[in-house]
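S.K.: Would you mind keeping the following structure in view while I ask a few things?
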Amino acid sequence: MASPHAQDREPALSMTRSGLATKETKVQLYIYTNHFKVNVTNVDGYFFKYNVSIFYEDGRPLNDKVIRRKVLDRVHETYKAEFNGNFFAYDGEKSLFTVGALPSNKLEFTIVLEDISSTRTTGMRSQHAHGSPNESDWKRGKHPYPSKTYKVEISYAAKIPMQAIAKTLSVQDLEKSPEALRVLDIILRQHLVKKYIIVPYLLYGLSFMIDINTESCSCRGCLLVRGFHSRFCTTQGGLSLNIDVSTTSVIRTRPVVEFLIAHQNAKDPFSLDWEKAKRALTNFKVRTSPTNTEYKITGLSEKICKELMFFSKQKGKKDENGKPQMIEITVYDYFVDIRRIPLSYSGDFPCIDVGKPNRPTYIPLELCSVVSSENYTKCNSSGSLVEITRLKPRDRMTVLTNALGINNYAAEPLLRACGVSISNNFTPVKGRILAAPRLKAGCGDDIFPCNGRWNFSNKKLVEPTTINDWAVVNFSAQCEIDSLINELIKCGEEKGINIARPVNVFEESSEHRRSPPLVRVEMMCKLLFSKIEQKPQFLLCLLPERKNSPLYGHWKRKNLIEYGVVTQCIAPAKVNGRYLTNVLLKINAKLGGLNSKLSIEHSPSNPLESKIPTLILGMSVFNGSPGKSGVPSIAAVVSSRCWPLFSKYRACVRTQSPKVATIESLFQKVSDKKDDGIIRELLMDFYTSSGSKKPDQIIIFRDGVSESQFNQVLNVELNQIIEACKFWDANWSPQFVVIIAQKNHHTRFFRPESTEHVHPGTVIDNTICRGQNSDFYLCSHAGITGITRPTHYHVLLDQVGFSPDDLQEFVHSLSYVYQSSTTAISVVAPISYAHSAATQMAKFMPGISSSHGVINTAGSVPIPQLPRLHEDVCNSMFFV
């Protein structure tokens, strides 16, 4: 139930631009962007929208997008006269658009297609326990369907004036523009689908052609294919087409074991790491033989096929109660002896699980082939893909220029009918380079970042900690521990951190190394806390795997939740001064120290922070991996503390409904006197750490939301924050600033006079920015690989009254306060911290049990609740 105080203030739905930045900088320049100007000449016509329904012959709806497109293409080819020569744009679902009306408001067609398979699911499940792969299991999933006849209904829905597109050119009323622009995007997408092309692919300076039927460019068992993102945008300069290079990975159909060998670069199946195989295959689609059925993989069996037992019905035999008689049999014997399917090597390997957690369904490995699919995200996120596919700025411009010529948008009949023409020239925009903020180190030393970077050579940390009580635990990492400890102590002394010798070094017993990760962690903790007299300040944990260690989540959860001990995990493959400095930066921040800070944080010249108590919030939601629809989302909010600093933060993390982007638990009224929401917890921390002061200004940075969700941030999330403030003190009314940070966009910038990245601090607030909203692009960091991706900031609300100059400089400064880095980062530190806190706490999810309670949400299943951090570490920057 909403608080009555929520009516006291109604946030604006959008904020108009207050002007452009005008403060002179040392460098002003013109740069190019990958937006291409669009002109529209036909402003008097209309788009006609039609609803499309497609059915099988027996009346069932057809839902497969690929087949629906083929059906519509055949309709247009066969019944061209019925369309009066009109071309159409189809979105693959329920909407079809034409330029000019069709002869009738309702048309019906019957189409026959050859060699088309449906994606119908029978929904039948095994009735056997313990994962019996009986006959009904093989009927479940995608399979060929004999009907090739389809019924198509096309009915009139609406008329959209092209004048709406023309209005975007002069930034007028945009009420109907989104729908009109959606039509143009559909036309563009359809044009590219019909004109699929193979483009030159640059690899280490060589140019060759990518063909998805070859493996000439492979990465971890998948093929890399370059395509293009394209989207029409409304900007200050009118309508533009944003085009960018996009690389993805595809999987071709092949036996699962062949994919795994290529993915792990293994010699044979006996060399495979099955834990890695499980992570790689989960949520993959496989096709089984000999039934040619498709399933989604949910995991692998713990036992090998020859040892995996289940109960199977004996055909034709019943027990004394008349029920089918059951027999216990291995999966291997079931397929070989009962189903008469020969298996050559599967007996010695795990089975593929295509069932559910409480009802597994196992299939031998060699009967499964991975199904060809696009966008294999597990390969897309790998470092090898980044290395192979990166393009320098000048090469990227060349590829985009060639794409415009090859795609030949002028030949698209629907674009011609709309009078749409697209320029072949990159749009020039006016940019400014903001000066890097001055930083403070220890002993009053100044740090002047250069090109977005700095270091602590011959400098001490601004607030170093003292470490008297700590220990080292080693989970079988191969390194010289004594040498590591000596170098860490020496490096700490150089940075001002006094580090005593560790109280002990705990080595993992060899008998535990093959145990499950949770068991290994519990045994280490049992050994550790039986040997030390008091809880240490922190634990240095040595892990054997550099990335994605299965021990990490269990170790963090055990220490942060149960014992309340700060821990730093490392995988010391190569130890040098730079590596140890980065480790110490994290340790110092986690233990309450401060590595560096902005020189303005205590300066009288900074009225925002030094005179007016100001709280900075960073908010993010982690929605988990694609395909895991049932996993709760994790919302994280970090807040600044110890005002007037804005280099120290605290985090609060909660679970919420799966795939929900809006944060649900900012305000949670439990009773008339109790609020258990995130904001109340963070407000109390600010109050106690800032000399009993309430913030008069609250600046909110939010990431991970699209433009369609901006109103939800203002009218749902901000209202929750206002209610939390009013619930704490009804007479207290802070002013709010709400800023959205977007990284998931395709706008890029190029320096016309150079092949290098744009300079750190480059800001653009004109030409390609929104016509009505207050927004700007900022490249705060120095690019390393590929091309610098700017962050797009949208100012939704500003009750403080920032000038454009002050706001841009403030946002730029917050990219320099990330405590574990000696470089400016690409987005403000509060957002980066929130994302880090959410992803780290997400690793606790497998350990959540019912003992920690649940969150009940209306109309949904209970959401498991994350355990709260131990009181000794809840105020720490554990997420650094």
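Each chain in the structure tokens gets a letter, A, B, ..., in the order shown, and its residues are numbered from 1; ligands are numbered from 1 in order too.
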Among range 356-451 of chain A, which residues does DSSP mark as helix (DSSP H, G or I) when it is run on the backbone? Keep the chain and numbering as in the structure and answer as a short mmCIF file (atom, residue, chain, number, x, y, z; two decimals) with N, CA, C and O atoms, in the first residue's frame.

M.R.:
data_model
loop_
_atom_site.label_atom_id
_atom_site.label_comp_id
_atom_site.auth_asym_id
_atom_site.auth_seq_id
_atom_site.Cartn_x
_atom_site.Cartn_y
_atom_site.Cartn_z
N LEU A 365 25.69 -39.97 -24.16
CA LEU A 365 26.39 -38.88 -24.80
C LEU A 365 26.42 -39.01 -26.32
O LEU A 365 26.16 -38.04 -27.05
N GLU A 366 26.71 -40.20 -26.82
CA GLU A 366 26.93 -40.33 -28.27
C GLU A 366 25.65 -40.28 -29.09
O GLU A 366 25.69 -40.22 -30.31
N LEU A 367 24.50 -40.26 -28.41
CA LEU A 367 23.23 -40.14 -29.13
C LEU A 367 22.79 -38.69 -29.27
O LEU A 367 21.71 -38.42 -29.80
N THR A 377 26.55 -17.18 -26.20
CA THR A 377 27.06 -16.11 -25.33
C THR A 377 28.25 -16.55 -24.50
O THR A 377 29.07 -15.73 -24.11
N LYS A 378 28.37 -17.84 -24.22
CA LYS A 378 29.51 -18.29 -23.41
C LYS A 378 30.82 -18.15 -24.18
O LYS A 378 31.87 -18.01 -23.58
N CYS A 379 30.74 -18.18 -25.49
CA CYS A 379 31.94 -17.92 -26.30
C CYS A 379 32.11 -16.42 -26.50
O CYS A 379 33.23 -15.91 -26.53
N ASN A 380 30.99 -15.69 -26.63
CA ASN A 380 31.06 -14.24 -26.85
C ASN A 380 31.77 -13.53 -25.72
O ASN A 380 32.41 -12.50 -25.92
N GLY A 383 37.76 -14.08 -23.50
CA GLY A 383 38.82 -13.16 -23.88
C GLY A 383 39.33 -13.43 -25.28
O GLY A 383 39.75 -12.52 -25.99
N SER A 384 39.31 -14.71 -25.70
CA SER A 384 39.80 -15.05 -27.03
C SER A 384 38.95 -14.43 -28.11
O SER A 384 39.44 -14.00 -29.15
N LEU A 385 37.63 -14.33 -27.88
CA LEU A 385 36.77 -13.70 -28.87
C LEU A 385 37.09 -12.22 -28.99
O LEU A 385 37.16 -11.67 -30.08
N VAL A 386 37.29 -11.55 -27.84
CA VAL A 386 37.63 -10.13 -27.86
C VAL A 386 38.93 -9.91 -28.63
O VAL A 386 39.05 -8.98 -29.43
N GLU A 387 39.89 -10.79 -28.39
CA GLU A 387 41.19 -10.65 -29.06
C GLU A 387 41.07 -10.81 -30.56
O GLU A 387 41.66 -10.07 -31.34
N ILE A 388 40.26 -11.77 -31.00
CA ILE A 388 40.17 -12.07 -32.42
C ILE A 388 39.33 -11.04 -33.17
O ILE A 388 39.65 -10.67 -34.29
N THR A 389 38.26 -10.57 -32.53
CA THR A 389 37.29 -9.75 -33.27
C THR A 389 37.49 -8.25 -33.12
O THR A 389 36.76 -7.49 -33.74
N PRO A 393 39.78 1.66 -34.54
CA PRO A 393 38.78 2.64 -35.00
C PRO A 393 38.77 2.85 -36.51
O PRO A 393 37.70 2.87 -37.12
N ARG A 394 39.94 3.00 -37.12
CA ARG A 394 39.97 3.26 -38.57
C ARG A 394 39.46 2.05 -39.35
O ARG A 394 38.74 2.20 -40.34
N ASP A 395 39.80 0.83 -38.91
CA ASP A 395 39.30 -0.37 -39.57
C ASP A 395 37.79 -0.49 -39.42
O ASP A 395 37.09 -0.93 -40.34
N ARG A 396 37.29 -0.09 -38.27
CA ARG A 396 35.84 -0.14 -38.05
C ARG A 396 35.12 0.82 -38.99
O ARG A 396 34.06 0.49 -39.55
N MET A 397 35.67 2.00 -39.19
CA MET A 397 35.07 2.95 -40.12
C MET A 397 35.05 2.38 -41.53
O MET A 397 34.06 2.53 -42.26
N THR A 398 36.13 1.71 -41.92
CA THR A 398 36.19 1.12 -43.26
C THR A 398 35.13 0.06 -43.44
O THR A 398 34.44 0.00 -44.47
N VAL A 399 34.98 -0.81 -42.43
CA VAL A 399 33.98 -1.88 -42.52
C VAL A 399 32.57 -1.30 -42.61
O VAL A 399 31.73 -1.76 -43.40
N LEU A 400 32.29 -0.25 -41.84
CA LEU A 400 30.96 0.36 -41.87
C LEU A 400 30.69 1.06 -43.19
O LEU A 400 29.58 1.00 -43.73
N THR A 401 31.71 1.71 -43.74
CA THR A 401 31.55 2.35 -45.04
C THR A 401 31.25 1.32 -46.11
O THR A 401 30.37 1.52 -46.97
N ASN A 402 31.97 0.20 -46.08
CA ASN A 402 31.72 -0.87 -47.04
C ASN A 402 30.33 -1.46 -46.86
O ASN A 402 29.67 -1.82 -47.84
N ALA A 403 29.89 -1.56 -45.62
CA ALA A 403 28.57 -2.14 -45.35
C ALA A 403 27.46 -1.30 -45.97
O ALA A 403 26.48 -1.84 -46.51
N LEU A 404 27.60 0.01 -45.91
CA LEU A 404 26.59 0.88 -46.51
C LEU A 404 26.48 0.63 -48.00
O LEU A 404 25.38 0.60 -48.56
N GLY A 405 27.63 0.44 -48.64
CA GLY A 405 27.59 0.18 -50.08
C GLY A 405 27.03 -1.18 -50.41
O GLY A 405 26.24 -1.34 -51.34
N ILE A 406 27.44 -2.20 -49.65
CA ILE A 406 27.00 -3.57 -49.93
C ILE A 406 25.51 -3.74 -49.63
O ILE A 406 24.79 -4.39 -50.39
N ASN A 407 25.04 -3.16 -48.53
CA ASN A 407 23.64 -3.34 -48.16
C ASN A 407 22.68 -2.65 -49.11
O ASN A 407 21.52 -3.05 -49.23
N TYR A 409 20.78 0.17 -49.33
CA TYR A 409 19.45 0.47 -48.80
C TYR A 409 18.57 1.18 -49.84
O TYR A 409 17.33 1.09 -49.77
N ALA A 410 19.19 1.85 -50.78
CA ALA A 410 18.40 2.56 -51.80
C ALA A 410 17.59 1.60 -52.67
O ALA A 410 16.62 2.01 -53.30
N ALA A 411 18.00 0.31 -52.70
CA ALA A 411 17.28 -0.66 -53.52
C ALA A 411 16.08 -1.27 -52.81
O ALA A 411 15.31 -2.01 -53.43
N PRO A 413 12.53 -1.55 -51.83
CA PRO A 413 11.33 -0.90 -52.37
C PRO A 413 10.49 -0.20 -51.30
O PRO A 413 9.90 0.85 -51.57
N LEU A 414 10.42 -0.75 -50.11
CA LEU A 414 9.61 -0.11 -49.08
C LEU A 414 10.23 1.20 -48.61
O LEU A 414 9.52 2.17 -48.34
N LEU A 415 11.56 1.25 -48.52
CA LEU A 415 12.21 2.51 -48.14
C LEU A 415 12.02 3.55 -49.23
O LEU A 415 11.81 4.73 -48.95
N ARG A 416 12.07 3.11 -50.49
CA ARG A 416 11.83 4.04 -51.60
C ARG A 416 10.40 4.57 -51.53
O ARG A 416 10.17 5.76 -51.77
N ALA A 417 9.46 3.69 -51.23
CA ALA A 417 8.07 4.12 -51.15
C ALA A 417 7.85 5.12 -50.02
O ALA A 417 6.97 5.98 -50.10
N GLY A 442 48.71 9.77 -0.20
CA GLY A 442 49.15 9.97 1.16
C GLY A 442 50.20 11.06 1.28
O GLY A 442 50.82 11.47 0.29
N CYS A 443 50.39 11.54 2.51
CA CYS A 443 51.37 12.59 2.82
C CYS A 443 51.11 13.88 2.05
O CYS A 443 52.05 14.66 1.79
N GLY A 444 49.87 14.10 1.65
CA GLY A 444 49.51 15.32 0.95
C GLY A 444 49.96 15.38 -0.50
O GLY A 444 49.84 16.44 -1.14
#

S.K.: Run DSSP on the backbone and give me the residues of range 360-468 of chain A it puts in strand (DSSP E or B), as JSON, numbers by chain.

M.R.: {"A": [362, 363, 368, 369, 370, 373, 374, 420, 421, 422, 427, 428, 429, 430, 431, 432, 433, 439, 440, 446, 447, 450, 453, 463, 466, 467]}

S.K.: For Gln697 in chain A, find every residue with an atom within 10 Å (counting only C-alpha atoms), except residues of its own chain fewer than 6 positions away, and show them as an mmCIF file with all heavy atoms, in the first residue's frame.

M.R.:
data_model
loop_
_atom_site.group_PDB
_atom_site.id
_atom_site.type_symbol
_atom_site.label_atom_id
_atom_site.label_comp_id
_atom_site.auth_asym_id
_atom_site.auth_seq_id
_atom_site.Cartn_x
_atom_site.Cartn_y
_atom_site.Cartn_z
ATOM 1 N N LEU A 608 28.945 21.485 -3.524
ATOM 2 C CA LEU A 608 28.016 20.366 -3.560
ATOM 3 C C LEU A 608 28.273 19.417 -2.401
ATOM 4 O O LEU A 608 27.367 18.998 -1.706
ATOM 5 C CB LEU A 608 28.161 19.622 -4.888
ATOM 6 C CG LEU A 608 27.382 18.301 -4.984
ATOM 7 C CD1 LEU A 608 25.902 18.582 -4.990
ATOM 8 C CD2 LEU A 608 27.789 17.524 -6.213
ATOM 9 N N GLU A 609 29.535 19.071 -2.175
ATOM 10 C CA GLU A 609 29.859 18.071 -1.173
ATOM 11 C C GLU A 609 30.277 18.655 0.164
ATOM 12 O O GLU A 609 30.018 18.091 1.206
ATOM 13 C CB GLU A 609 30.993 17.170 -1.708
ATOM 14 C CG GLU A 609 30.535 16.184 -2.755
ATOM 15 C CD GLU A 609 29.588 15.143 -2.189
ATOM 16 O OE1 GLU A 609 29.722 14.763 -1.009
ATOM 17 O OE2 GLU A 609 28.694 14.706 -2.917
ATOM 18 N N ILE A 612 26.781 20.989 1.518
ATOM 19 C CA ILE A 612 25.442 20.408 1.540
ATOM 20 C C ILE A 612 25.576 18.891 1.645
ATOM 21 O O ILE A 612 26.122 18.245 0.737
ATOM 22 C CB ILE A 612 24.661 20.763 0.258
ATOM 23 C CG1 ILE A 612 24.610 22.275 0.080
ATOM 24 C CG2 ILE A 612 23.258 20.181 0.306
ATOM 25 C CD1 ILE A 612 23.981 22.713 -1.215
ATOM 26 N N PRO A 613 25.099 18.286 2.744
ATOM 27 C CA PRO A 613 25.193 16.818 2.866
ATOM 28 C C PRO A 613 24.533 16.131 1.667
ATOM 29 O O PRO A 613 23.356 16.372 1.373
ATOM 30 C CB PRO A 613 24.428 16.529 4.164
ATOM 31 C CG PRO A 613 24.544 17.796 4.947
ATOM 32 C CD PRO A 613 24.496 18.903 3.928
ATOM 33 N N THR A 614 25.314 15.316 0.984
ATOM 34 C CA THR A 614 24.853 14.708 -0.265
ATOM 35 C C THR A 614 25.101 13.209 -0.237
ATOM 36 O O THR A 614 26.214 12.755 0.067
ATOM 37 C CB THR A 614 25.578 15.320 -1.471
ATOM 38 O OG1 THR A 614 25.342 16.726 -1.500
ATOM 39 C CG2 THR A 614 25.088 14.714 -2.777
ATOM 40 N N LEU A 615 24.079 12.456 -0.557
ATOM 41 C CA LEU A 615 24.158 10.996 -0.646
ATOM 42 C C LEU A 615 24.169 10.600 -2.110
ATOM 43 O O LEU A 615 23.346 11.069 -2.903
ATOM 44 C CB LEU A 615 22.958 10.356 0.059
ATOM 45 C CG LEU A 615 22.776 8.839 -0.098
ATOM 46 C CD1 LEU A 615 23.902 8.091 0.593
ATOM 47 C CD2 LEU A 615 21.425 8.396 0.456
ATOM 48 N N ILE A 616 25.103 9.723 -2.488
ATOM 49 C CA ILE A 616 25.182 9.223 -3.857
ATOM 50 C C ILE A 616 24.800 7.747 -3.852
ATOM 51 O O ILE A 616 25.355 6.956 -3.077
ATOM 52 C CB ILE A 616 26.600 9.399 -4.433
ATOM 53 C CG1 ILE A 616 27.000 10.876 -4.423
ATOM 54 C CG2 ILE A 616 26.673 8.839 -5.859
ATOM 55 C CD1 ILE A 616 28.449 11.107 -4.804
ATOM 56 N N SER A 733 12.649 16.566 3.486
ATOM 57 C CA SER A 733 12.397 16.496 2.041
ATOM 58 C C SER A 733 13.678 16.806 1.269
ATOM 59 O O SER A 733 13.926 17.959 0.884
ATOM 60 C CB SER A 733 11.299 17.494 1.647
ATOM 61 O OG SER A 733 10.079 17.177 2.269
ATOM 62 N N PRO A 734 14.510 15.798 1.036
ATOM 63 C CA PRO A 734 15.731 16.036 0.249
ATOM 64 C C PRO A 734 15.403 16.282 -1.215
ATOM 65 O O PRO A 734 14.323 15.926 -1.700
ATOM 66 C CB PRO A 734 16.518 14.735 0.423
ATOM 67 C CG PRO A 734 15.473 13.698 0.680
ATOM 68 C CD PRO A 734 14.387 14.395 1.455
ATOM 69 N N GLN A 735 16.328 16.904 -1.920
ATOM 70 C CA GLN A 735 16.196 17.101 -3.356
ATOM 71 C C GLN A 735 16.860 15.926 -4.085
ATOM 72 O O GLN A 735 17.860 15.380 -3.609
ATOM 73 C CB GLN A 735 16.839 18.424 -3.769
ATOM 74 C CG GLN A 735 16.137 19.645 -3.202
ATOM 75 C CD GLN A 735 16.827 20.935 -3.592
ATOM 76 O OE1 GLN A 735 18.043 21.056 -3.486
ATOM 77 N NE2 GLN A 735 16.054 21.912 -4.046
ATOM 78 N N PHE A 736 16.315 15.599 -5.259
ATOM 79 C CA PHE A 736 16.766 14.412 -5.972
ATOM 80 C C PHE A 736 17.319 14.752 -7.349
ATOM 81 O O PHE A 736 16.840 15.672 -8.023
ATOM 82 C CB PHE A 736 15.613 13.411 -6.134
ATOM 83 C CG PHE A 736 15.187 12.768 -4.849
ATOM 84 C CD1 PHE A 736 14.155 13.315 -4.083
ATOM 85 C CD2 PHE A 736 15.823 11.628 -4.390
ATOM 86 C CE1 PHE A 736 13.768 12.724 -2.894
ATOM 87 C CE2 PHE A 736 15.440 11.030 -3.195
ATOM 88 C CZ PHE A 736 14.412 11.581 -2.452
ATOM 89 N N VAL A 737 18.322 13.975 -7.731
ATOM 90 C CA VAL A 737 18.825 13.968 -9.103
ATOM 91 C C VAL A 737 18.822 12.513 -9.549
ATOM 92 O O VAL A 737 19.343 11.643 -8.840
ATOM 93 C CB VAL A 737 20.249 14.550 -9.202
ATOM 94 C CG1 VAL A 737 20.751 14.474 -10.642
ATOM 95 C CG2 VAL A 737 20.292 15.983 -8.698
ATOM 96 N N GLN A 799 16.413 18.205 -9.370
ATOM 97 C CA GLN A 799 15.835 19.189 -8.473
ATOM 98 C C GLN A 799 16.908 20.068 -7.842
ATOM 99 O O GLN A 799 16.597 21.090 -7.231
ATOM 100 C CB GLN A 799 15.021 18.484 -7.384
ATOM 101 C CG GLN A 799 13.815 17.735 -7.923
ATOM 102 C CD GLN A 799 13.078 16.971 -6.844
ATOM 103 O OE1 GLN A 799 13.644 16.639 -5.806
ATOM 104 N NE2 GLN A 799 11.809 16.687 -7.095
ATOM 105 N N VAL A 800 18.180 19.667 -7.972
ATOM 106 C CA VAL A 800 19.285 20.448 -7.417
ATOM 107 C C VAL A 800 19.574 21.662 -8.287
ATOM 108 O O VAL A 800 19.893 22.740 -7.804
ATOM 109 C CB VAL A 800 20.541 19.578 -7.256
ATOM 110 C CG1 VAL A 800 21.756 20.410 -6.857
ATOM 111 C CG2 VAL A 800 20.286 18.473 -6.228
#

S.K.: Do you know which residues are at most 8 Å from Ser620 in chain A counting only C-alpha atoms, after dropping those on the same chain fewer than 3 positions away, and could you put them as a list of chain:residue names?

M.R.: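 Once the nearby chain positions are removed, what remains is A:Ala635, A:Ala636, A:Val637, A:Arg702, A:Asp703, A:Gly704, A:Ile831, A:Ala834, A:His835, A:Ala838.
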
S.K.: Point out the residue among A:Ser421, A:Asn42, A:Ser53, A:Thr427 with the least atom-to-atom distance to Glu108 in chain A, counting only C-alpha atoms.

M.R.: A:Ser53

S.K.: Give me the residues near Cys450 in chain A as a list of chain:residue names, where near means some atom within 12 Å (using only C-alpha atoms) and where sequence neighbours in that chain fewer than 5 positions away do not count.

M.R.: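 Near neighbours after the sequence-gap exclusion: A:Ala435, A:Ala436, A:Pro437, A:Arg438, A:Leu439, A:Asn455, A:His759, A:Pro760, A:Gly761, A:His781, A:Ala782, A:Tyr816, A:Thr822, A:Thr823, A:Ala824.
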
S.K.: Write the selection just made, keeping C-alpha atoms, as a PDB file, in the first residue's frame?

M.R.:
ATOM      1  CA  ALA A 435      40.411  17.748 -17.828  1.00  0.00           C
ATOM      2  CA  ALA A 436      41.154  14.803 -15.548  1.00  0.00           C
ATOM      3  CA  PRO A 437      40.446  15.594 -11.895  1.00  0.00           C
ATOM      4  CA  ARG A 438      43.381  15.960  -9.509  1.00  0.00           C
ATOM      5  CA  LEU A 439      43.714  13.121  -6.987  1.00  0.00           C
ATOM      6  CA  ASN A 455      50.131   4.954 -10.446  1.00  0.00           C
ATOM      7  CA  HIS A 759      40.736  10.940 -25.722  1.00  0.00           C
ATOM      8  CA  PRO A 760      39.658  10.051 -22.177  1.00  0.00           C
ATOM      9  CA  GLY A 761      37.262  12.727 -20.966  1.00  0.00           C
ATOM     10  CA  HIS A 781      38.350   5.903 -19.859  1.00  0.00           C
ATOM     11  CA  ALA A 782      41.281   5.151 -22.125  1.00  0.00           C
ATOM     12  CA  TYR A 816      38.143   8.295 -11.005  1.00  0.00           C
ATOM     13  CA  THR A 822      44.544   3.107 -11.161  1.00  0.00           C
ATOM     14  CA  THR A 823      42.660   4.023 -14.314  1.00  0.00           C
ATOM     15  CA  ALA A 824      39.468   5.920 -14.977  1.00  0.00           C
TER      16      ALA A 824
END

S.K.: Can you measure CA of Gln325 in chain A to CA of Pro360 in chain A for me? One decimal in Å is fine.

M.R.: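 Interatomic distance here is 20.9 Å.
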
S.K.: List as an MDAnalysis selection string the protein and nucleic acid residues near range 649-662 of chain A, meaning an atom at most 7 Å away when only C-alpha atoms are counted, but skip any in the same chain fewer than 4 places from it.

M.R.: chainID A and resid 621 623 629:641 678 837:838 863 865:866 875:877

S.K.: Write out the residues from the selection above, keeping C-alpha atoms, as a short mmCIF file (atom, residue, chain, number, x, y, z; two decimals), in the first residue's frame.

M.R.:
data_model
loop_
_atom_site.label_atom_id
_atom_site.label_comp_id
_atom_site.auth_asym_id
_atom_site.auth_seq_id
_atom_site.Cartn_x
_atom_site.Cartn_y
_atom_site.Cartn_z
CA VAL A 621 19.91 -5.42 -11.15
CA ASN A 623 19.23 -10.95 -14.01
CA SER A 629 14.34 -18.04 -16.30
CA GLY A 630 13.59 -19.38 -12.83
CA VAL A 631 16.65 -17.91 -11.10
CA PRO A 632 15.81 -14.86 -8.93
CA SER A 633 17.12 -11.49 -10.02
CA ILE A 634 19.49 -9.73 -7.64
CA ALA A 635 19.12 -6.02 -6.92
CA ALA A 636 22.08 -4.11 -5.50
CA VAL A 637 22.25 -0.54 -4.27
CA VAL A 638 25.46 1.09 -3.05
CA SER A 639 25.56 4.36 -1.14
CA SER A 640 28.28 6.84 -0.30
CA ARG A 641 29.26 7.16 3.35
CA ILE A 678 17.17 -1.16 1.13
CA ALA A 837 28.10 -6.42 -5.46
CA ALA A 838 25.17 -8.02 -7.32
CA ILE A 863 11.62 -16.08 -3.98
CA GLN A 865 16.07 -14.61 0.09
CA LEU A 866 19.77 -13.86 0.20
CA ASN A 875 29.69 -1.86 6.16
CA SER A 876 32.82 -2.96 4.29
CA MET A 877 33.55 -2.56 0.60
#

S.K.: Give me the residues within 8 Å of range 672-677 of chain A as JSON, numbers by chain, counting only C-alpha atoms and dropping any in the same chain fewer than 5 places off.

M.R.: {"A": [665, 666, 667, 724, 727]}

S.K.: Can you tell me how far CA of Ile700 in chain A sits from CA of Gly593 in chain A, in Å to one decimal?

M.R.: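 Interatomic distance, CA of Ile700 in chain A to CA of Gly593 in chain A: 24.4 Å.
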
S.K.: Identify which of the residues A:Tyr156, A:Phe878, A:Phe710, A:Tyr150 lies closest to Leu113 in chain A, counting only C-alpha atoms when measuring atom-to-atom distances.

M.R.: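 Among the listed residues, the smallest separation from Leu113 in chain A belongs to A:Tyr150.
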